[in-house]
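Participant: target.cif is reproduced in full below (mmCIF, C-alpha atoms and all ligand atoms).
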```cif
data_structure
#
loop_
_atom_site.label_atom_id
_atom_site.label_comp_id
_atom_site.auth_asym_id
_atom_site.auth_seq_id
_atom_site.Cartn_x
_atom_site.Cartn_y
_atom_site.Cartn_z
CA MET A 278 13.95 -1.50 -21.23
CA SER A 279 11.43 1.01 -22.52
CA LYS A 280 7.93 0.75 -21.15
CA ALA A 281 6.45 -0.21 -24.53
CA SER A 282 8.86 -3.12 -25.04
CA LEU A 283 7.83 -4.57 -21.66
CA ASP A 284 4.12 -4.48 -22.42
CA ASN A 285 3.92 -8.13 -23.46
CA LYS A 286 6.53 -9.49 -21.02
CA LYS A 287 5.79 -11.65 -18.01
CA ILE A 288 5.82 -10.48 -14.43
CA ALA A 289 9.41 -11.27 -13.31
CA THR A 290 10.86 -9.73 -16.47
CA ARG A 291 8.73 -6.64 -15.93
CA MET A 292 9.85 -6.24 -12.32
CA ILE A 293 13.55 -6.53 -13.19
CA HIS A 294 13.61 -4.37 -16.31
CA ALA A 295 10.95 -1.79 -15.34
CA GLY A 296 12.31 1.70 -15.90
CA ALA A 297 15.88 0.48 -16.32
CA GLU A 298 17.67 1.96 -19.32
CA PRO A 299 21.47 2.15 -19.51
CA ASP A 300 22.60 5.69 -18.67
CA PRO A 301 23.05 7.40 -22.09
CA SER A 302 26.22 9.26 -21.09
CA THR A 303 28.16 6.31 -19.60
CA GLY A 304 26.29 3.07 -20.25
CA ALA A 305 25.90 2.49 -16.49
CA ILE A 306 23.41 -0.37 -16.21
CA MET A 307 21.90 1.03 -13.02
CA THR A 308 20.12 4.37 -13.13
CA PRO A 309 22.51 6.92 -11.58
CA ILE A 310 21.48 8.92 -8.52
CA PHE A 311 21.09 12.37 -10.03
CA GLN A 312 21.85 14.35 -6.89
CA THR A 313 21.21 17.76 -8.36
CA SER A 314 18.72 20.55 -7.78
CA THR A 315 18.95 22.22 -11.17
CA TYR A 316 20.07 21.70 -14.79
CA VAL A 317 22.12 23.99 -17.01
CA GLN A 318 20.33 25.48 -20.01
CA SER A 319 22.21 26.31 -23.20
CA ALA A 320 20.00 29.36 -23.80
CA PRO A 321 16.91 30.60 -21.94
CA GLY A 322 14.27 27.88 -22.24
CA GLN A 323 16.64 25.55 -24.12
CA HIS A 324 17.13 22.43 -22.00
CA LYS A 325 17.00 18.65 -22.14
CA GLY A 326 13.58 18.29 -20.54
CA TYR A 327 14.94 18.94 -17.05
CA GLU A 328 14.68 22.40 -15.50
CA TYR A 329 14.44 22.13 -11.73
CA ALA A 330 14.49 18.95 -9.65
CA ARG A 331 11.19 19.46 -7.81
CA SER A 332 9.56 19.18 -11.24
CA GLN A 333 11.85 16.66 -12.95
CA ASN A 334 14.66 14.34 -11.89
CA PRO A 335 15.99 11.48 -14.06
CA THR A 336 16.28 9.00 -11.15
CA ARG A 337 12.70 9.77 -10.17
CA ALA A 338 11.60 9.56 -13.82
CA ALA A 339 13.08 6.04 -14.09
CA LEU A 340 11.24 5.01 -10.92
CA GLU A 341 7.98 6.55 -12.11
CA THR A 342 8.22 4.55 -15.33
CA ALA A 343 8.93 1.42 -13.28
CA LEU A 344 5.89 2.08 -11.09
CA ALA A 345 3.68 2.33 -14.17
CA VAL A 346 5.12 -0.89 -15.63
CA ILE A 347 4.62 -3.01 -12.51
CA GLU A 348 1.02 -1.83 -11.96
CA ASN A 349 0.06 -2.21 -15.63
CA GLY A 350 -0.60 1.53 -15.74
CA LYS A 351 0.33 4.26 -18.21
CA PHE A 352 1.72 6.77 -15.71
CA GLY A 353 3.45 6.66 -12.33
CA LEU A 354 4.22 9.43 -9.84
CA ALA A 355 6.52 9.09 -6.83
CA PHE A 356 6.09 11.00 -3.56
CA SER A 357 8.06 11.61 -0.40
CA SER A 358 5.76 9.25 1.56
CA GLY A 359 2.63 7.17 1.20
CA VAL A 360 0.56 9.79 3.01
CA ALA A 361 1.95 12.48 0.67
CA ALA A 362 0.59 10.40 -2.23
CA THR A 363 -2.81 10.16 -0.50
CA ASP A 364 -2.69 13.89 0.26
CA THR A 365 -2.16 14.59 -3.45
CA VAL A 366 -5.30 12.65 -4.38
CA ILE A 367 -7.41 14.52 -1.81
CA LYS A 368 -6.15 17.83 -3.26
CA LEU A 369 -8.09 17.01 -6.44
CA LEU A 370 -11.21 17.86 -4.40
CA VAL A 371 -12.88 21.14 -3.47
CA PRO A 372 -14.90 22.11 -0.37
CA GLY A 373 -18.29 20.45 -0.40
CA ASP A 374 -17.06 17.30 -2.13
CA GLU A 375 -17.73 13.94 -0.50
CA VAL A 376 -15.45 10.94 -0.20
CA ILE A 377 -16.71 7.44 0.51
CA ALA A 378 -13.95 5.65 2.39
CA ALA A 379 -13.45 2.21 3.88
CA ASN A 380 -14.13 2.03 7.62
CA ASP A 381 -11.16 -0.28 8.10
CA MET A 382 -7.95 1.22 6.77
CA TYR A 383 -4.51 2.51 7.63
CA GLY A 384 -4.72 4.79 10.70
CA GLY A 385 -2.67 7.55 9.04
CA THR A 386 -5.12 7.74 6.13
CA TYR A 387 -7.99 8.12 8.60
CA ARG A 388 -6.04 10.80 10.48
CA LEU A 389 -5.29 12.74 7.27
CA PHE A 390 -8.95 12.62 6.23
CA THR A 391 -10.51 13.54 9.58
CA LYS A 392 -7.93 15.79 11.22
CA VAL A 393 -6.55 17.64 8.20
CA TYR A 394 -9.17 17.68 5.47
CA GLU A 395 -12.51 17.78 7.26
CA LYS A 396 -11.76 21.35 8.34
CA PHE A 397 -11.44 22.33 4.67
CA GLY A 398 -15.04 21.30 4.12
CA ILE A 399 -14.44 17.89 2.57
CA LYS A 400 -16.81 15.28 3.93
CA PHE A 401 -15.71 11.69 4.54
CA ILE A 402 -18.31 8.95 4.84
CA TYR A 403 -16.95 5.68 6.26
CA VAL A 404 -18.63 2.47 5.23
CA ASP A 405 -17.88 -1.24 5.27
CA THR A 406 -16.75 -1.55 1.65
CA THR A 407 -16.57 -5.36 1.84
CA ASN A 408 -20.27 -5.13 0.98
CA PRO A 409 -20.45 -3.04 -2.24
CA GLU A 410 -24.10 -2.18 -1.50
CA ASN A 411 -22.93 0.04 1.36
CA VAL A 412 -20.98 2.12 -1.17
CA THR A 413 -24.00 2.46 -3.46
CA LYS A 414 -26.13 3.58 -0.52
CA ALA A 415 -23.59 6.22 0.55
CA LEU A 416 -23.39 7.85 -2.90
CA THR A 417 -24.83 11.35 -3.28
CA GLU A 418 -24.50 13.89 -6.07
CA LYS A 419 -21.58 15.38 -4.12
CA SER A 420 -19.59 12.13 -4.14
CA LYS A 421 -16.30 12.64 -5.98
CA LEU A 422 -13.96 9.95 -4.70
CA ILE A 423 -14.16 6.40 -3.40
CA TRP A 424 -11.17 5.32 -1.32
CA ILE A 425 -10.62 1.65 -0.56
CA GLU A 426 -7.86 -0.49 0.82
CA THR A 427 -7.76 -4.25 0.20
CA PRO A 428 -6.66 -6.35 1.98
CA THR A 429 -7.21 -3.97 4.87
CA ASN A 430 -4.80 -3.02 7.56
CA PRO A 431 -4.93 -4.78 10.03
CA LEU A 432 -8.07 -6.95 9.77
CA MET A 433 -7.32 -8.38 6.33
CA ASN A 434 -10.81 -7.67 5.02
CA ILE A 435 -11.26 -7.97 1.28
CA THR A 436 -13.18 -5.56 -0.92
CA ASP A 437 -14.24 -6.55 -4.42
CA ILE A 438 -12.35 -4.02 -6.55
CA GLU A 439 -14.22 -4.89 -9.75
CA ALA A 440 -17.61 -4.45 -8.08
CA ILE A 441 -16.67 -1.09 -6.54
CA ALA A 442 -15.14 0.04 -9.86
CA ALA A 443 -18.42 -0.69 -11.64
CA ILE A 444 -20.33 1.38 -9.03
CA SER A 445 -17.77 4.18 -9.29
CA LYS A 446 -17.91 4.30 -13.11
CA LYS A 447 -21.68 4.53 -13.05
CA ALA A 448 -21.60 7.31 -10.46
CA GLY A 449 -18.81 9.21 -12.22
CA THR A 450 -16.54 9.17 -9.17
CA ILE A 451 -12.80 8.45 -9.00
CA LEU A 452 -11.87 5.12 -7.43
CA CYS A 453 -8.51 5.03 -5.66
CA VAL A 454 -7.20 1.75 -4.25
CA ASP A 455 -4.49 1.62 -1.59
CA ASN A 456 -2.64 -1.47 -2.85
CA THR A 457 0.15 -1.38 -0.25
CA PHE A 458 -0.69 -4.69 1.46
CA ALA A 459 -0.99 -6.77 -1.70
CA SER A 460 1.81 -5.11 -3.71
CA PRO A 461 1.69 -5.06 -7.52
CA TYR A 462 2.95 -8.63 -7.57
CA LEU A 463 -0.27 -9.94 -6.02
CA GLN A 464 -2.91 -7.50 -7.28
CA ASN A 465 -3.31 -4.87 -10.02
CA PRO A 466 -6.33 -2.64 -9.30
CA LEU A 467 -6.12 -0.71 -12.61
CA ASP A 468 -6.79 -3.99 -14.45
CA LEU A 469 -9.92 -4.36 -12.32
CA GLY A 470 -11.25 -0.90 -13.21
CA ALA A 471 -9.74 1.39 -10.55
CA ASP A 472 -8.72 4.91 -11.64
CA ILE A 473 -5.75 5.39 -9.30
CA VAL A 474 -3.54 2.94 -7.40
CA MET A 475 -1.80 4.25 -4.30
CA HIS A 476 1.21 2.65 -2.60
CA SER A 477 3.20 3.26 0.49
CA SER A 478 6.45 2.31 -1.30
CA THR A 479 7.96 2.27 2.19
CA LYS A 480 6.57 -1.26 2.51
CA TYR A 481 6.85 -4.06 -0.08
CA LEU A 482 8.12 -1.94 -3.01
CA GLY A 483 11.17 -0.76 -1.06
CA GLY A 484 11.13 -4.04 0.79
CA HIS A 485 14.11 -3.44 3.10
CA SER A 486 12.75 -1.05 5.76
CA ASP A 487 15.22 1.63 4.72
CA VAL A 488 13.13 4.28 2.95
CA ILE A 489 9.90 6.30 3.27
CA GLN A 490 8.14 6.83 -0.04
CA GLY A 491 4.76 6.80 -1.79
CA ALA A 492 3.36 6.26 -5.27
CA LEU A 493 0.34 6.88 -7.47
CA ILE A 494 -0.27 5.03 -10.74
CA MET A 495 -3.02 5.77 -13.27
CA ASN A 496 -4.07 5.34 -16.90
CA ASP A 497 -5.93 8.56 -17.62
CA GLU A 498 -3.66 11.29 -18.96
CA GLY A 499 -5.89 14.15 -17.75
CA LEU A 500 -5.86 12.73 -14.24
CA LYS A 501 -2.07 12.30 -14.43
CA ASP A 502 -1.66 15.94 -15.49
CA GLN A 503 -3.75 17.13 -12.52
CA LEU A 504 -1.85 14.94 -10.06
CA TYR A 505 1.53 15.95 -11.52
CA PHE A 506 0.51 19.61 -11.22
CA ILE A 507 -0.23 19.08 -7.50
CA GLN A 508 3.01 17.06 -7.07
CA LYS A 509 5.17 19.90 -8.41
CA SER A 510 3.08 22.69 -6.85
CA CYS A 511 2.99 21.20 -3.37
CA GLY A 512 6.45 19.65 -3.57
CA ALA A 513 6.15 16.34 -1.70
CA VAL A 514 8.75 14.71 -3.97
CA PRO A 515 11.20 11.98 -2.98
CA GLY A 516 14.95 12.57 -3.17
CA PRO A 517 16.99 10.80 -5.87
CA PHE A 518 18.73 8.40 -3.48
CA ASP A 519 15.37 7.24 -2.13
CA CYS A 520 14.17 6.75 -5.70
CA PHE A 521 17.24 4.62 -6.37
CA LEU A 522 16.44 2.46 -3.31
CA VAL A 523 12.86 1.82 -4.40
CA LEU A 524 14.00 1.10 -7.98
CA ARG A 525 16.38 -1.48 -6.55
CA GLY A 526 13.66 -2.91 -4.30
CA ILE A 527 11.30 -3.41 -7.24
CA LYS A 528 13.84 -5.66 -8.99
CA THR A 529 13.33 -8.37 -6.35
CA LEU A 530 9.68 -7.74 -5.55
CA HIS A 531 8.48 -10.95 -7.22
CA VAL A 532 11.08 -13.11 -5.47
CA ARG A 533 10.37 -11.55 -2.07
CA MET A 534 6.59 -11.75 -2.46
CA LYS A 535 6.75 -15.45 -3.33
CA ALA A 536 8.70 -16.06 -0.12
CA HIS A 537 6.35 -13.82 1.93
CA CYS A 538 3.38 -15.82 0.59
CA GLU A 539 4.97 -19.19 1.39
CA ASN A 540 5.83 -18.15 4.94
CA GLY A 541 2.37 -16.58 5.33
CA ILE A 542 0.69 -19.92 4.64
CA VAL A 543 2.86 -21.72 7.21
CA ILE A 544 2.35 -19.13 9.97
CA ALA A 545 -1.39 -18.71 9.33
CA ASN A 546 -1.94 -22.45 9.70
CA TYR A 547 0.36 -22.74 12.70
CA LEU A 548 -1.51 -19.97 14.57
CA ARG A 549 -4.92 -21.29 13.60
CA ASN A 550 -4.11 -24.63 15.22
CA HIS A 551 -2.58 -23.10 18.35
CA PRO A 552 -4.74 -23.81 21.43
CA LYS A 553 -4.19 -20.31 22.87
CA VAL A 554 -5.17 -18.47 19.68
CA GLU A 555 -8.77 -17.29 19.32
CA LYS A 556 -8.87 -16.08 15.74
CA VAL A 557 -6.49 -15.58 12.81
CA PHE A 558 -7.34 -12.86 10.32
CA TRP A 559 -5.93 -14.03 6.97
CA CYS A 560 -7.70 -13.99 3.61
CA GLY A 561 -6.06 -17.24 2.47
CA PHE A 562 -8.31 -19.43 4.63
CA GLU A 563 -11.06 -21.05 2.57
CA ASP A 564 -13.62 -20.10 5.22
CA HIS A 565 -12.55 -16.42 5.29
CA HIS A 566 -15.75 -14.57 4.46
CA ASN A 567 -14.35 -13.01 1.29
CA HIS A 568 -11.86 -15.72 0.32
CA GLU A 569 -13.44 -16.21 -3.12
CA ILE A 570 -13.00 -12.54 -3.96
CA ALA A 571 -9.42 -12.60 -2.68
CA LYS A 572 -8.77 -15.61 -4.91
CA LYS A 573 -10.34 -13.87 -7.89
CA GLN A 574 -8.38 -10.60 -7.62
CA MET A 575 -5.09 -11.67 -6.00
CA ARG A 576 -2.32 -14.03 -7.13
CA GLY A 577 -1.48 -15.05 -3.55
CA PHE A 578 -2.30 -14.02 0.00
CA GLY A 579 0.86 -12.22 1.05
CA GLY A 580 2.74 -12.04 4.29
CA MET A 581 0.40 -9.99 6.48
CA LEU A 582 -1.93 -11.40 9.11
CA SER A 583 -3.41 -10.53 12.47
CA PHE A 584 -4.57 -12.69 15.35
CA THR A 585 -6.18 -12.54 18.77
CA LEU A 586 -5.55 -14.71 21.81
CA LYS A 587 -8.26 -16.54 23.76
CA ASP A 588 -7.12 -14.47 26.73
CA SER A 589 -8.26 -11.11 25.35
CA SER A 590 -6.52 -8.97 28.00
CA ILE A 591 -3.98 -6.37 26.92
CA GLU A 592 -1.53 -8.03 29.34
CA ALA A 593 -1.66 -11.34 27.45
CA ALA A 594 -1.09 -9.60 24.11
CA THR A 595 1.69 -7.47 25.62
CA LYS A 596 3.48 -10.58 26.82
CA VAL A 597 3.57 -12.03 23.30
CA LEU A 598 4.51 -8.66 21.79
CA SER A 599 7.47 -8.33 24.16
CA SER A 600 8.67 -11.93 23.97
CA THR A 601 9.38 -12.55 20.29
CA LYS A 602 13.03 -12.51 19.30
CA LEU A 603 13.00 -12.78 15.49
CA PHE A 604 9.79 -10.75 15.10
CA SER A 605 10.84 -7.22 16.09
CA LEU A 606 8.25 -5.03 17.80
CA ALA A 607 7.86 -2.14 15.39
CA GLU A 608 5.46 -0.22 13.18
CA SER A 609 5.61 -0.65 9.40
CA LEU A 610 5.60 -3.82 7.31
CA GLY A 611 6.72 -5.35 4.05
CA GLY A 612 10.44 -5.66 4.77
CA VAL A 613 12.47 -8.85 4.45
CA GLU A 614 12.61 -9.11 8.26
CA SER A 615 9.60 -10.11 10.36
CA LEU A 616 7.82 -7.51 12.49
CA ILE A 617 5.19 -7.75 15.20
CA ASN A 618 2.88 -4.85 15.99
CA HIS A 619 0.07 -3.87 18.36
CA PRO A 620 -2.36 -1.84 16.17
CA ALA A 621 -4.43 -0.47 19.10
CA SER A 622 -1.44 1.30 20.66
CA MET A 623 0.85 1.69 17.65
CA THR A 624 -0.23 1.96 13.98
CA HIS A 625 -3.93 2.57 14.70
CA ALA A 626 -3.71 4.63 17.90
CA SER A 627 -4.94 7.68 15.94
CA ILE A 628 -8.36 6.03 15.48
CA PRO A 629 -10.61 6.62 18.55
CA ARG A 630 -11.01 3.43 20.63
CA GLU A 631 -14.78 3.40 20.20
CA GLU A 632 -14.44 3.59 16.42
CA ARG A 633 -11.78 0.87 16.44
CA ILE A 634 -13.80 -1.57 18.54
CA LYS A 635 -16.91 -0.93 16.44
CA ASN A 636 -14.95 -1.98 13.35
CA GLY A 637 -13.63 -5.15 14.99
CA LEU A 638 -10.14 -3.96 15.89
CA SER A 639 -9.88 -5.20 19.49
CA ASP A 640 -7.33 -4.10 22.08
CA GLY A 641 -5.73 -7.55 22.04
CA LEU A 642 -5.20 -7.76 18.27
CA ILE A 643 -1.63 -8.60 17.23
CA ARG A 644 -0.43 -7.93 13.67
CA LEU A 645 2.43 -9.74 11.98
CA SER A 646 4.44 -8.70 8.96
CA ILE A 647 5.93 -12.05 8.06
CA GLY A 648 9.40 -11.67 6.60
CA ILE A 649 11.33 -14.06 4.41
CA GLU A 650 13.41 -15.80 7.08
CA ASP A 651 13.10 -19.61 7.36
CA ALA A 652 9.50 -20.47 8.26
CA GLU A 653 10.62 -23.03 10.89
CA ASP A 654 12.54 -20.35 12.80
CA LEU A 655 9.57 -17.99 12.69
CA VAL A 656 7.23 -20.69 13.99
CA GLU A 657 9.70 -21.52 16.76
CA ASP A 658 9.81 -17.85 17.76
CA LEU A 659 6.01 -17.56 17.95
CA LYS A 660 5.86 -20.84 19.87
CA GLN A 661 8.13 -19.61 22.63
CA ALA A 662 6.40 -16.20 22.74
CA ILE A 663 2.81 -17.50 22.91
CA GLY A 664 3.82 -20.34 25.23
C1 LIG B 701 2.24 2.70 5.71
C2 LIG B 701 0.97 2.80 5.00
C3 LIG B 701 0.51 4.02 4.47
C4 LIG B 701 1.28 5.33 4.67
O1 LIG B 701 2.49 5.32 4.01
P1 LIG B 701 3.82 6.09 4.53
O2 LIG B 701 4.84 5.69 3.54
O3 LIG B 701 4.08 5.62 5.91
O4 LIG B 701 3.51 7.55 4.50
C5 LIG B 701 -0.67 4.03 3.77
N1 LIG B 701 -1.40 2.88 3.61
C6 LIG B 701 -1.00 1.71 4.12
C7 LIG B 701 -1.84 0.50 3.90
C8 LIG B 701 0.17 1.62 4.83
O5 LIG B 701 0.56 0.45 5.34
#
```
Please re-express this file's structure in structure tokens.
Ligand SMILES: *Cc1c(COP(=O)(O)O)cnc(C)c1O

Facilitator:
Amino acid sequence: MSKASLDNKKIATRMIHAGAEPDPSTGAIMTPIFQTSTYVQSAPGQHKGYEYARSQNPTRAALETALAVIENGKFGLAFSSGVAATDTVIKLLVPGDEVIAANDMYGGTYRLFTKVYEKFGIKFIYVDTTNPENVTKALTEKSKLIWIETPTNPLMNITDIEAIAAISKKAGTILCVDNTFASPYLQNPLDLGADIVMHSSTKYLGGHSDVIQGALIMNDEGLKDQLYFIQKSCGAVPGPFDCFLVLRGIKTLHVRMKAHCENGIVIANYLRNHPKVEKVFWCGFEDHHNHEIAKKQMRGFGGMLSFTLKDSSIEAATKVLSSTKLFSLAESLGGVESLINHPASMTHASIPREERIKNGLSDGLIRLSIGIEDAEDLVEDLKQAIG
């Protein structure tokens, strides 16, 4: 259905029909995979809106419409990876500009900022964004962008998007929210005042651990034009088959997220009551320090959590990490199957140990991406692994 006709529809209808129009030449209900690099013109400059596939591709266009629909945005852009989407946002900046970024976020984002962009003269200031005052204090006249992630990876900290958006508006900066962990089913940052939403579509949007992709969604047309210009100029575009996979993933996002949330509740409570577990990091607990904000801005608490054992040695964590049978030891998250991960040596190894420990990411921390298998089987697996 067209984007406009979905504007007043409810969430499941939006997920299923987002970007899906029958193919005009055949009536195919699913958007075809337009595996082509170029398009024939009837005369120079006379074409059907498609010239060259780095700039335009109909499968990607359908996905980009879908991305806008599910995030309640006006425009969507798809990229060859989540970090390519982040990279595109940073390319809005010029040397001398300052970015205020969360001190607890995806390791690859931190690596991109510090190892790639600092040398171009862009300054990154890392603060604990769970307290909005820290953001206000870090603002200078050179601040151009505020980058937050909520819930954070892997400590499940919550930042108040509305509060940061108000600060950002007043300061005239761009607020970008990495919404990968929540997914558009649980949280819509544009509705809370953010300027750009970023996704690693590799995770919940794709949902089946079979594609690498990223997304940006926004409301402002000028901002969209700038980001689209960078997308086509720098070329980090996804191929049509990958776009097809993410389009297909989005159709079941609401069903999968409901199941992830249900299993998340069961596992969080199981671990919390386990005598060998020290702490469970999950924003669904009523005594989580930012639970009220999570409740205010999210529709559920998702399928991601982290925990530490009372025995804080790496050996104890390694034993659990190597003993699960249903939870596979792997990076990434958001697929239908459960994964277990050791942030200190895997996803967050690019953050210096000192920096990690300072931000509360201990060597023994174990992260779970809870899939949608039967909760009883997942509990049984953790039981035998933790012992
Ligand atoms: C995976 C991930 C990214 C990076 O996305 P890729 O698709 O791997 O490039 C960014 N942010 C978060 C929160 C992620 O989990």

Participant: Env of stretch 547-562 of chain A: 8 Å cut, atoms = all atoms listed in the file, seq-sep filter 2 positions within chain, self excluded. Answer as a PyMOL selection string.

Facilitator: chain A and resi 428+432-435+542-545+564-565+567-568+571+577-578+581-588+656+663

Participant: May I have the residues within 7 Å of ligand LIG 701 (chain B), computed using only C-alpha atoms and all ligand atoms, as a list in words?

Facilitator: Ser358, Gly359, Val360, Ala361, Met382, Tyr383, Gly385, Thr386, Glu426, Asn430, Asp455, Thr457, Phe458, His476, Ser477, Ser478, Thr479, Lys480, Ile489, Gln490, Gly491, Ser609 and Leu610 of chain A

Participant: Find, counting only C-alpha atoms, the residue in A:Gly641, A:Pro299, A:Gly579, A:Gly484 that gets nearest to A:Gly611.

Facilitator: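 Ranking A:Gly641, A:Pro299, A:Gly579, A:Gly484 by distance to A:Gly611, first place goes to A:Gly484.
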
Participant: Can you work out the spacing between atom CA of A:Ala662 and atom CA of A:Thr601 in Å, to one decimal?

Facilitator: 5.3 Å

Participant: Which of these, A:Glu650, A:Glu348, A:Glu418, A:Asp502, has the shortest distance to A:Asp374 once you count all atoms listed in the file?

Facilitator: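 Between A:Glu650, A:Glu348, A:Glu418, A:Asp502, the residue approaching A:Asp374 most closely is A:Glu418.
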
Participant: Neighbours of stretch 285-295 of chain A within 7 Å (only C-alpha atoms; same-chain residues fewer than 5 positions away dropped), as a list in words?

Facilitator: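 The neighbour list is Met278, Thr342, Ala343, Val346, Ile347, Ile527, Lys528, Leu530 and His531 of chain A.
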
Participant: Taking all atoms listed in the file into account, name the residue in A:His619, A:Arg337, A:Lys596, A:Lys635 that is nearest to A:Gly664.

Facilitator: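 Looking only at the distances to A:Gly664, the closest residue turns out to be A:Lys596.
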
Participant: Give me, please, the distance in Å between atom CA of A:Ser279 and atom CA of A:Gly296, quoted to one decimal.

Facilitator: 6.7 Å

Participant: Please provide the set of residues having any atom within 12 Å of A:Ser600, restricted to all atoms listed in the file, with same-chain residues fewer than 5 positions apart removed, written as a PyMOL selection string.

Facilitator: chain A and resi 593-595+605-606+617+658-664

Participant: Choose the residue, out of A:Leu638, A:Val412, A:Gly353, A:Asp519, that has the smallest atom-to-atom separation from A:Ala448; count only C-alpha atoms.

Facilitator: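 Checking each candidate against A:Ala448, we get A:Val412 as the closest.
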
Participant: Identify, on the basis of only C-alpha atoms, every residue whose closest approach to A:Leu452 does not exceed 8 Å; exclude the query and any residue fewer than 4 positions from it along the same chain; express the result as a VMD selection string.

Facilitator: chain A and resid 422 to 425 441 to 442 445 471 to 473

Participant: Just the number, please: distance in Å from atom CA of A:Phe401 to atom CA of A:Arg630, one decimal.

Facilitator: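 For atom CA of A:Phe401 relative to atom CA of A:Arg630, the distance reads 18.7 Å.
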
Participant: Using the file's own x, y and z axes, what box holds all listed atoms of stretch 347-359 of chain A with 5 Å on each side, keeping edges along x, y and z, and what are its centre and edge lengths in Å to one decimal, as JSON?

Facilitator:
```
{"center_x": 3.7, "center_y": 4.3, "center_z": -8.3, "size_x": 18.7, "size_y": 24.6, "size_z": 29.8}
```

Participant: List the spatial neighbours of stretch 310-320 of chain A as a list in words - criterion: any atom at most 8 Å away, all atoms listed in the file, same-chain residues fewer than 3 positions off excluded.

Facilitator: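 After dropping sequence-adjacent residues, the list is Gln323, His324, Lys325, Tyr327, Glu328, Tyr329, Ala330, Arg331, Asn334, Pro335, Thr336, Pro517, Phe518 and Phe521 of chain A.
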
Participant: Here's a test: counting all atoms listed in the file, identify every protein, DNA and RNA residue with an atom at most 6 Å from (7.1, 12.8, -2.0) in the file's coordinate frame, and state them as an mmCIF file with C-alpha atoms, in the frame of the given file.

Facilitator:
```cif
data_model
loop_
_atom_site.group_PDB
_atom_site.id
_atom_site.type_symbol
_atom_site.label_atom_id
_atom_site.label_comp_id
_atom_site.auth_asym_id
_atom_site.auth_seq_id
_atom_site.Cartn_x
_atom_site.Cartn_y
_atom_site.Cartn_z
ATOM 1 C CA PHE A 356 6.090 11.000 -3.560
ATOM 2 C CA SER A 357 8.060 11.610 -0.400
ATOM 3 C CA SER A 358 5.760 9.250 1.560
ATOM 4 C CA ALA A 361 1.950 12.480 0.670
ATOM 5 C CA ALA A 513 6.150 16.340 -1.700
ATOM 6 C CA VAL A 514 8.750 14.710 -3.970
ATOM 7 C CA PRO A 515 11.200 11.980 -2.980
#
```

Participant: Calculated over only C-alpha atoms, which of the candidates A:Ala626, A:Leu482, A:Ile649, A:Leu370 has the smallest distance to A:Leu522?

Facilitator: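 Using only C-alpha atoms, A:Leu522 sits closest to A:Leu482.
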
Participant: If we draw a sphere of 10 Å around (-4.4, 17.3, -1.0), which residues have at least one atom in it when counting all atoms listed in the file? Please report them as a list in words.

Facilitator: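 Those residues, ordered by chain and then number, are Val360, Ala361, Ala362, Thr363, Asp364, Thr365, Val366, Ile367, Lys368, Leu369, Leu370, Val371, Leu389, Phe390, Val393, Tyr394, Leu504, Ile507, Gln508 and Cys511 of chain A.
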